[in-house]
>>> print(open('query.cif').read())   # mmCIF, N, CA and C atoms
data_structure
loop_
_atom_site.label_atom_id
_atom_site.label_comp_id
_atom_site.auth_asym_id
_atom_site.auth_seq_id
_atom_site.Cartn_x
_atom_site.Cartn_y
_atom_site.Cartn_z
N MET W 350 62.89 5.60 19.99
CA MET W 350 63.17 4.18 19.96
C MET W 350 63.82 3.82 18.62
N ALA W 351 64.80 3.00 18.69
CA ALA W 351 65.52 2.58 17.49
C ALA W 351 64.79 1.44 16.79
N ILE W 352 64.95 1.38 15.50
CA ILE W 352 64.38 0.28 14.71
C ILE W 352 65.17 -0.99 14.99
N THR W 353 64.47 -2.05 15.35
CA THR W 353 65.08 -3.35 15.56
C THR W 353 64.29 -4.38 14.75
N VAL W 354 64.88 -4.85 13.66
CA VAL W 354 64.20 -5.83 12.81
C VAL W 354 63.94 -7.09 13.62
N GLY W 355 62.72 -7.60 13.50
CA GLY W 355 62.32 -8.78 14.26
C GLY W 355 61.70 -8.44 15.60
N LYS W 356 61.74 -7.15 15.96
CA LYS W 356 61.15 -6.71 17.22
C LYS W 356 60.08 -5.64 16.98
N ASN W 357 60.46 -4.56 16.26
CA ASN W 357 59.51 -3.48 16.00
C ASN W 357 59.50 -3.06 14.53
N SER W 358 60.02 -3.92 13.67
CA SER W 358 60.05 -3.62 12.24
C SER W 358 60.43 -4.86 11.45
N TRP W 359 60.03 -4.84 10.18
CA TRP W 359 60.50 -5.85 9.24
C TRP W 359 61.56 -5.24 8.32
N VAL W 360 61.65 -3.92 8.31
CA VAL W 360 62.52 -3.22 7.37
C VAL W 360 63.45 -2.28 8.14
N THR W 361 64.67 -2.14 7.68
CA THR W 361 65.59 -1.18 8.27
C THR W 361 65.36 0.19 7.65
N LEU W 362 65.88 1.21 8.28
CA LEU W 362 65.79 2.56 7.71
C LEU W 362 66.54 2.62 6.39
N THR W 363 67.68 1.96 6.30
CA THR W 363 68.46 1.93 5.05
C THR W 363 67.65 1.30 3.93
N GLU W 364 67.01 0.16 4.21
CA GLU W 364 66.18 -0.51 3.20
C GLU W 364 65.01 0.37 2.77
N ALA W 365 64.39 1.02 3.75
CA ALA W 365 63.26 1.91 3.43
C ALA W 365 63.72 3.08 2.57
N ASN W 366 64.86 3.65 2.90
CA ASN W 366 65.39 4.76 2.09
C ASN W 366 65.69 4.32 0.67
N LEU W 367 66.26 3.13 0.51
CA LEU W 367 66.55 2.61 -0.83
C LEU W 367 65.27 2.40 -1.63
N TYR W 368 64.25 1.86 -0.98
CA TYR W 368 62.96 1.66 -1.65
C TYR W 368 62.39 3.01 -2.08
N MET W 369 62.43 3.98 -1.18
CA MET W 369 61.83 5.29 -1.48
C MET W 369 62.63 6.08 -2.51
N ASP W 370 63.92 5.78 -2.66
CA ASP W 370 64.74 6.45 -3.68
C ASP W 370 64.16 6.25 -5.08
N ASP W 371 63.56 5.09 -5.32
CA ASP W 371 63.03 4.77 -6.65
C ASP W 371 61.53 5.02 -6.76
N ARG W 372 60.94 5.56 -5.72
CA ARG W 372 59.49 5.77 -5.72
C ARG W 372 59.15 7.17 -6.22
N PHE W 373 58.13 7.25 -7.04
CA PHE W 373 57.64 8.54 -7.53
C PHE W 373 57.01 9.32 -6.38
N ASN W 374 57.17 10.62 -6.41
CA ASN W 374 56.55 11.52 -5.44
C ASN W 374 56.99 11.21 -4.01
N ASN W 375 58.27 11.20 -3.80
CA ASN W 375 58.82 10.87 -2.49
C ASN W 375 59.36 12.09 -1.75
N SER W 376 58.91 13.28 -2.10
CA SER W 376 59.49 14.51 -1.55
C SER W 376 59.31 14.64 -0.04
N VAL W 377 58.18 14.20 0.50
CA VAL W 377 57.97 14.29 1.95
C VAL W 377 58.95 13.36 2.66
N TRP W 378 59.11 12.15 2.13
CA TRP W 378 60.06 11.19 2.72
C TRP W 378 61.48 11.76 2.68
N GLU W 379 61.86 12.29 1.54
CA GLU W 379 63.21 12.83 1.38
C GLU W 379 63.48 13.99 2.32
N ALA W 380 62.47 14.80 2.59
CA ALA W 380 62.64 15.98 3.44
C ALA W 380 62.59 15.65 4.93
N ALA W 381 62.08 14.47 5.27
CA ALA W 381 61.91 14.11 6.69
C ALA W 381 63.25 13.77 7.34
N PHE W 382 63.33 14.07 8.63
CA PHE W 382 64.50 13.68 9.41
C PHE W 382 64.47 12.17 9.60
N ASP W 383 65.65 11.57 9.76
CA ASP W 383 65.72 10.12 9.99
C ASP W 383 64.92 9.70 11.22
N SER W 384 64.90 10.54 12.24
CA SER W 384 64.15 10.20 13.46
C SER W 384 62.65 10.11 13.16
N ASP W 385 62.14 11.00 12.31
CA ASP W 385 60.73 10.94 11.94
C ASP W 385 60.45 9.74 11.03
N LYS W 386 61.36 9.44 10.13
CA LYS W 386 61.21 8.26 9.28
C LYS W 386 61.17 7.00 10.15
N SER W 387 62.08 6.93 11.12
CA SER W 387 62.12 5.77 12.01
C SER W 387 60.83 5.62 12.80
N LYS W 388 60.31 6.73 13.30
CA LYS W 388 59.05 6.69 14.04
C LYS W 388 57.91 6.23 13.14
N SER W 389 57.89 6.70 11.90
CA SER W 389 56.81 6.28 11.00
C SER W 389 56.95 4.80 10.62
N ILE W 390 58.18 4.32 10.49
CA ILE W 390 58.42 2.90 10.19
C ILE W 390 57.93 2.04 11.35
N ILE W 391 58.23 2.45 12.57
CA ILE W 391 57.80 1.69 13.76
C ILE W 391 56.28 1.76 13.90
N THR W 392 55.70 2.92 13.65
CA THR W 392 54.24 3.06 13.72
C THR W 392 53.58 2.18 12.67
N ALA W 393 54.13 2.17 11.47
CA ALA W 393 53.58 1.31 10.41
C ALA W 393 53.65 -0.16 10.82
N PHE W 394 54.76 -0.55 11.42
CA PHE W 394 54.89 -1.93 11.91
C PHE W 394 53.79 -2.23 12.92
N LYS W 395 53.58 -1.34 13.88
CA LYS W 395 52.56 -1.56 14.91
C LYS W 395 51.17 -1.68 14.30
N TRP W 396 50.87 -0.81 13.34
CA TRP W 396 49.55 -0.88 12.70
C TRP W 396 49.36 -2.21 12.01
N LEU W 397 50.37 -2.66 11.29
CA LEU W 397 50.25 -3.92 10.55
C LEU W 397 50.30 -5.13 11.47
N TYR W 398 51.24 -5.14 12.39
CA TYR W 398 51.43 -6.30 13.27
C TYR W 398 50.24 -6.48 14.22
N ASN W 399 49.68 -5.38 14.69
CA ASN W 399 48.57 -5.46 15.64
C ASN W 399 47.21 -5.50 14.96
N SER W 400 47.19 -5.42 13.65
CA SER W 400 45.93 -5.50 12.92
C SER W 400 45.38 -6.92 13.00
N GLN W 401 44.08 -7.02 13.21
CA GLN W 401 43.45 -8.34 13.22
C GLN W 401 43.30 -8.89 11.82
N LYS W 402 43.54 -8.05 10.83
CA LYS W 402 43.37 -8.45 9.44
C LYS W 402 44.52 -9.30 8.93
N PHE W 403 45.74 -9.00 9.40
CA PHE W 403 46.93 -9.64 8.86
C PHE W 403 47.56 -10.60 9.86
N ASN W 404 48.25 -11.59 9.32
CA ASN W 404 49.05 -12.50 10.12
C ASN W 404 50.46 -12.50 9.55
N ILE W 405 51.28 -11.58 10.04
CA ILE W 405 52.65 -11.43 9.55
C ILE W 405 53.59 -11.73 10.72
N PRO W 406 54.38 -12.81 10.62
CA PRO W 406 55.29 -13.16 11.71
C PRO W 406 56.34 -12.06 11.94
N LEU W 407 56.79 -11.94 13.17
CA LEU W 407 57.86 -10.98 13.51
C LEU W 407 59.10 -11.21 12.66
N THR W 408 59.36 -12.45 12.31
CA THR W 408 60.59 -12.80 11.61
C THR W 408 60.44 -12.79 10.09
N GLU W 409 59.32 -12.27 9.59
CA GLU W 409 59.09 -12.25 8.14
C GLU W 409 60.18 -11.43 7.43
N THR W 410 60.65 -11.96 6.31
CA THR W 410 61.73 -11.28 5.57
C THR W 410 61.38 -11.02 4.11
N SER W 411 60.12 -11.27 3.71
CA SER W 411 59.78 -11.10 2.30
C SER W 411 59.83 -9.62 1.91
N GLN W 412 60.22 -9.39 0.68
CA GLN W 412 60.36 -8.02 0.19
C GLN W 412 59.03 -7.29 0.15
N ILE W 413 57.95 -8.00 -0.15
CA ILE W 413 56.64 -7.35 -0.24
C ILE W 413 56.20 -6.80 1.11
N VAL W 414 56.52 -7.50 2.20
CA VAL W 414 56.18 -7.01 3.54
C VAL W 414 57.01 -5.77 3.85
N LYS W 415 58.30 -5.80 3.51
CA LYS W 415 59.16 -4.63 3.72
C LYS W 415 58.67 -3.44 2.91
N ASP W 416 58.28 -3.70 1.66
CA ASP W 416 57.78 -2.62 0.80
C ASP W 416 56.47 -2.05 1.34
N ALA W 417 55.57 -2.94 1.77
CA ALA W 417 54.29 -2.49 2.30
C ALA W 417 54.48 -1.67 3.58
N GLN W 418 55.38 -2.11 4.44
CA GLN W 418 55.65 -1.35 5.66
C GLN W 418 56.22 0.02 5.31
N THR W 419 57.10 0.07 4.33
CA THR W 419 57.68 1.34 3.91
C THR W 419 56.63 2.25 3.30
N GLU W 420 55.76 1.69 2.47
CA GLU W 420 54.68 2.48 1.88
C GLU W 420 53.76 3.04 2.97
N LEU W 421 53.44 2.21 3.96
CA LEU W 421 52.59 2.68 5.05
C LEU W 421 53.32 3.74 5.88
N ALA W 422 54.61 3.56 6.08
CA ALA W 422 55.39 4.58 6.81
C ALA W 422 55.35 5.91 6.07
N ASN W 423 55.47 5.87 4.76
CA ASN W 423 55.39 7.09 3.95
C ASN W 423 53.98 7.69 4.03
N TYR W 424 52.97 6.84 3.94
CA TYR W 424 51.58 7.29 4.07
C TYR W 424 51.39 8.01 5.40
N ILE W 425 51.95 7.47 6.46
CA ILE W 425 51.85 8.08 7.78
C ILE W 425 52.53 9.44 7.79
N LEU W 426 53.73 9.53 7.22
CA LEU W 426 54.43 10.82 7.17
C LEU W 426 53.61 11.87 6.42
N VAL W 427 53.02 11.47 5.31
CA VAL W 427 52.29 12.41 4.46
C VAL W 427 50.92 12.76 5.03
N ASN W 428 50.22 11.80 5.60
CA ASN W 428 48.80 11.98 5.92
C ASN W 428 48.43 11.90 7.40
N PHE W 429 49.37 11.75 8.30
CA PHE W 429 49.01 11.46 9.68
C PHE W 429 48.15 12.53 10.32
N GLU W 430 48.45 13.78 10.09
CA GLU W 430 47.68 14.87 10.71
C GLU W 430 46.20 14.80 10.29
N GLU W 431 45.96 14.64 8.99
CA GLU W 431 44.58 14.53 8.51
C GLU W 431 43.92 13.24 8.99
N PHE W 432 44.68 12.16 9.03
CA PHE W 432 44.18 10.89 9.52
C PHE W 432 43.71 11.01 10.96
N GLU W 433 44.49 11.67 11.80
CA GLU W 433 44.14 11.85 13.21
C GLU W 433 42.88 12.70 13.37
N LYS W 434 42.74 13.74 12.53
CA LYS W 434 41.53 14.57 12.58
C LYS W 434 40.29 13.73 12.29
N ARG W 435 40.39 12.89 11.26
CA ARG W 435 39.25 12.06 10.89
C ARG W 435 38.97 10.99 11.95
N ARG W 436 40.02 10.44 12.52
CA ARG W 436 39.83 9.43 13.56
C ARG W 436 39.15 10.06 14.79
N ALA W 437 39.49 11.30 15.10
CA ALA W 437 38.85 12.00 16.22
C ALA W 437 37.37 12.23 15.93
N LEU W 438 37.05 12.60 14.70
CA LEU W 438 35.64 12.78 14.33
C LEU W 438 34.88 11.46 14.47
N GLN W 439 35.48 10.37 14.00
CA GLN W 439 34.83 9.07 14.09
C GLN W 439 34.62 8.67 15.55
N ALA W 440 35.58 8.97 16.40
CA ALA W 440 35.46 8.64 17.83
C ALA W 440 34.30 9.39 18.47
N GLN W 441 33.95 10.53 17.89
CA GLN W 441 32.83 11.32 18.40
C GLN W 441 31.49 10.91 17.77
N GLY W 442 31.53 9.90 16.90
CA GLY W 442 30.32 9.38 16.31
C GLY W 442 29.97 9.96 14.95
N VAL W 443 30.83 10.81 14.40
CA VAL W 443 30.56 11.39 13.09
C VAL W 443 30.76 10.31 12.03
N GLU W 444 29.76 10.09 11.19
CA GLU W 444 29.85 9.09 10.13
C GLU W 444 30.13 9.71 8.77
N SER W 445 29.74 10.98 8.61
CA SER W 445 30.00 11.69 7.36
C SER W 445 29.89 13.18 7.62
N PHE W 446 30.44 13.97 6.72
CA PHE W 446 30.29 15.41 6.82
C PHE W 446 30.39 16.02 5.43
N LYS W 447 29.86 17.25 5.33
CA LYS W 447 29.87 17.97 4.07
C LYS W 447 30.19 19.43 4.34
N VAL W 448 31.14 19.97 3.59
CA VAL W 448 31.49 21.38 3.65
C VAL W 448 31.48 21.89 2.22
N LEU W 449 30.52 22.75 1.93
CA LEU W 449 30.31 23.26 0.58
C LEU W 449 30.17 22.07 -0.39
N LYS W 450 31.10 21.91 -1.33
CA LYS W 450 31.02 20.79 -2.27
C LYS W 450 31.85 19.59 -1.84
N TRP W 451 32.54 19.70 -0.73
CA TRP W 451 33.41 18.62 -0.23
C TRP W 451 32.60 17.75 0.72
N GLN W 452 32.58 16.46 0.45
CA GLN W 452 31.83 15.54 1.30
C GLN W 452 32.68 14.30 1.57
N GLU W 453 32.63 13.83 2.80
CA GLU W 453 33.33 12.59 3.16
C GLU W 453 32.42 11.70 3.96
N LYS W 454 32.53 10.42 3.71
CA LYS W 454 31.82 9.41 4.48
C LYS W 454 32.87 8.44 5.00
N PHE W 455 32.87 8.22 6.29
CA PHE W 455 33.88 7.38 6.90
C PHE W 455 33.49 5.91 6.79
N ILE W 456 34.48 5.09 6.54
CA ILE W 456 34.30 3.65 6.42
C ILE W 456 34.97 3.00 7.62
N LYS W 457 34.22 2.18 8.31
CA LYS W 457 34.82 1.46 9.45
C LYS W 457 35.98 0.59 8.97
N SER W 458 36.95 0.44 9.80
CA SER W 458 38.12 -0.41 9.57
C SER W 458 38.89 -0.06 8.30
N ALA W 459 38.96 1.23 8.00
CA ALA W 459 39.74 1.66 6.84
C ALA W 459 41.05 2.29 7.28
N ASP W 460 41.61 1.79 8.39
CA ASP W 460 42.87 2.35 8.90
C ASP W 460 44.04 2.08 7.96
N ILE W 461 44.05 0.93 7.33
CA ILE W 461 45.12 0.56 6.41
C ILE W 461 44.66 0.89 5.00
N PRO W 462 45.40 1.72 4.27
CA PRO W 462 44.99 2.05 2.90
C PRO W 462 44.83 0.80 2.03
N GLU W 463 43.91 0.86 1.11
CA GLU W 463 43.58 -0.30 0.28
C GLU W 463 44.77 -0.81 -0.51
N PHE W 464 45.63 0.09 -1.00
CA PHE W 464 46.77 -0.39 -1.78
C PHE W 464 47.76 -1.17 -0.92
N ILE W 465 47.81 -0.89 0.37
CA ILE W 465 48.66 -1.69 1.28
C ILE W 465 48.00 -3.06 1.49
N ASN W 466 46.68 -3.07 1.68
CA ASN W 466 45.97 -4.34 1.79
C ASN W 466 46.24 -5.22 0.58
N ASP W 467 46.23 -4.60 -0.61
CA ASP W 467 46.49 -5.35 -1.84
C ASP W 467 47.90 -5.92 -1.86
N MET W 468 48.87 -5.15 -1.36
CA MET W 468 50.25 -5.64 -1.32
C MET W 468 50.38 -6.85 -0.40
N LEU W 469 49.57 -6.87 0.66
CA LEU W 469 49.70 -7.90 1.69
C LEU W 469 48.60 -8.97 1.59
N ILE W 470 48.04 -9.14 0.42
CA ILE W 470 46.94 -10.08 0.22
C ILE W 470 47.28 -11.49 0.72
N ASP W 471 48.53 -11.91 0.58
CA ASP W 471 48.93 -13.25 1.02
C ASP W 471 49.00 -13.38 2.54
N TYR W 472 48.90 -12.28 3.25
CA TYR W 472 49.00 -12.30 4.72
C TYR W 472 47.66 -12.02 5.39
N ILE W 473 46.61 -11.89 4.60
CA ILE W 473 45.29 -11.67 5.19
C ILE W 473 44.85 -12.97 5.84
N GLN W 474 44.37 -12.87 7.08
CA GLN W 474 44.05 -14.06 7.86
C GLN W 474 42.84 -14.82 7.34
N ASN W 475 41.80 -14.13 6.97
CA ASN W 475 40.58 -14.82 6.53
C ASN W 475 40.28 -14.38 5.11
N LYS W 476 40.79 -15.12 4.14
CA LYS W 476 40.64 -14.77 2.73
C LYS W 476 39.36 -15.29 2.13
N GLY W 477 38.88 -16.39 2.64
CA GLY W 477 37.77 -17.03 1.94
C GLY W 477 36.59 -17.24 2.84
N GLY W 478 35.65 -17.94 2.28
CA GLY W 478 34.47 -18.27 3.05
C GLY W 478 33.52 -17.10 3.16
N VAL W 479 32.30 -17.37 2.86
CA VAL W 479 31.28 -16.35 2.99
C VAL W 479 30.24 -16.89 3.96
N PHE W 480 29.92 -16.12 4.97
CA PHE W 480 28.89 -16.53 5.91
C PHE W 480 27.57 -15.98 5.40
N PHE W 481 26.57 -16.82 5.41
CA PHE W 481 25.27 -16.40 4.94
C PHE W 481 24.24 -16.82 5.96
N THR W 482 23.09 -16.23 5.87
CA THR W 482 22.01 -16.51 6.80
C THR W 482 20.95 -17.36 6.11
N VAL W 483 20.52 -18.39 6.80
CA VAL W 483 19.45 -19.24 6.29
C VAL W 483 18.23 -18.99 7.17
N SER W 484 17.11 -18.74 6.55
CA SER W 484 15.89 -18.59 7.33
C SER W 484 14.92 -19.68 6.94
N ARG W 485 14.16 -20.15 7.90
CA ARG W 485 13.18 -21.20 7.65
C ARG W 485 11.85 -20.77 8.22
N ASN W 486 10.83 -21.20 7.57
CA ASN W 486 9.48 -20.99 8.07
C ASN W 486 9.08 -22.28 8.77
N LEU W 487 9.09 -22.29 10.10
CA LEU W 487 8.80 -23.51 10.86
C LEU W 487 7.34 -23.57 11.32
N SER W 488 6.55 -22.62 10.89
CA SER W 488 5.16 -22.60 11.32
C SER W 488 4.28 -23.57 10.54
N GLY W 489 4.83 -24.14 9.49
CA GLY W 489 4.05 -25.08 8.68
C GLY W 489 3.30 -24.40 7.56
N ASN W 490 3.29 -23.09 7.56
CA ASN W 490 2.62 -22.34 6.49
C ASN W 490 3.55 -22.21 5.31
N ARG W 491 3.03 -22.44 4.16
CA ARG W 491 3.83 -22.26 2.96
C ARG W 491 3.70 -20.83 2.48
N THR W 492 4.82 -20.29 2.07
CA THR W 492 4.78 -18.92 1.55
C THR W 492 5.28 -18.87 0.15
#
>>> encode(input="query.cif", output="structure tokens")
Amino acid sequence: MAITVGKNSWVTLTEANLYMDDRFNNSVWEAAFDSDKSKSIITAFKWLYNSQKFNIPLTETSQIVKDAQTELANYILVNFEEFEKRRALQAQGVESFKVLKWQEKFIKSADIPEFINDMLIDYIQNKGGVFFTVSRNLSGNRT
């Protein structure tokens, strides 16, 4: 599928390549075929657009959204295989595991890396408000 800004992406492949040209440690991106870059850009769009966390309009043109989508596309290129392994473990109910000195604990809803969340802070749907629980003793006894 081709990248279509306003339909399945906020960023073009050309824009993403220009952004990645100036990014440190971009060797995986540079080595990838354009077809794989395009697929990762579209996948990044789907993850962000379909996330309940963010509210980013299809027609958004801000540079930070384009940069965040590109960063997530690169993250997908670099880490997708390991990400899928961990997602499969989580689907099977695994919450943590340990192999020798290596230990991991899975966090729910950590699909989007924290640095991407930070880039898109202005697009988070529910930024404020804290819900708290109030309990009352209605039995008339003082405690």
>>> atom_distance(input="query.cif", atom1="CA of Asn404 in chain W", atom2="atom N of Tyr472 in chain W")
6.9 Å
>>> closest_residue(input="query.cif", among="W:Asn375, W:Ser387, W:Thr408, W:Asn466", to="Ala351 in chain W", atoms="all atoms listed in the file")
W:Ser387
>>> residues_near_point(input="query.cif", point="(51.3, -5.3, -2.5)", cutoff="8 Å", atoms="only N, CA and C atoms", output="ChimeraX atom specification")
/W:413-414,416-417,464-471
>>> atom_distance(input="query.cif", atom1="CA of Phe394 in chain W", atom2="atom C of Asn357 in chain W")
5.4 Å
>>> resolve_selection(input="query.cif", expression="the PyMOL selection byres (((chain W and resi 364 and name CA) around 12) and name CA)", output="PyMOL selection string")
chain W and resi 352+354+358-363+365-371+386-387+390+410+412+414-416+418-420
>>> select_by_dssp(input="query.cif", residues="chain W", states="helix (DSSP H, G or I)", output="PyMOL selection string")
chain W and resi 362-370+376-380+383-398+412-440+463-468+470-472
>>> closest_residue(input="query.cif", among="W:Val443, W:Met350, W:Val448, W:Ile473", to="Ile405 in chain W", atoms="only C-alpha atoms")
W:Ile473
>>> resolve_selection(input="query.cif", expression="the PyMOL selection byres (((chain W and resi 435 and name CA) around 12) and name CA)", output="list in words")
Asn428, Phe429, Glu430, Glu431, Phe432, Glu433, Lys434, Arg436, Ala437, Leu438, Gln439, Ala440, Gln441, Gly442, Val443, Glu444, Ser445, Phe446, Glu453, Lys454, Phe455, Ile456, Lys457, Ala459 and Asp460 of chain W
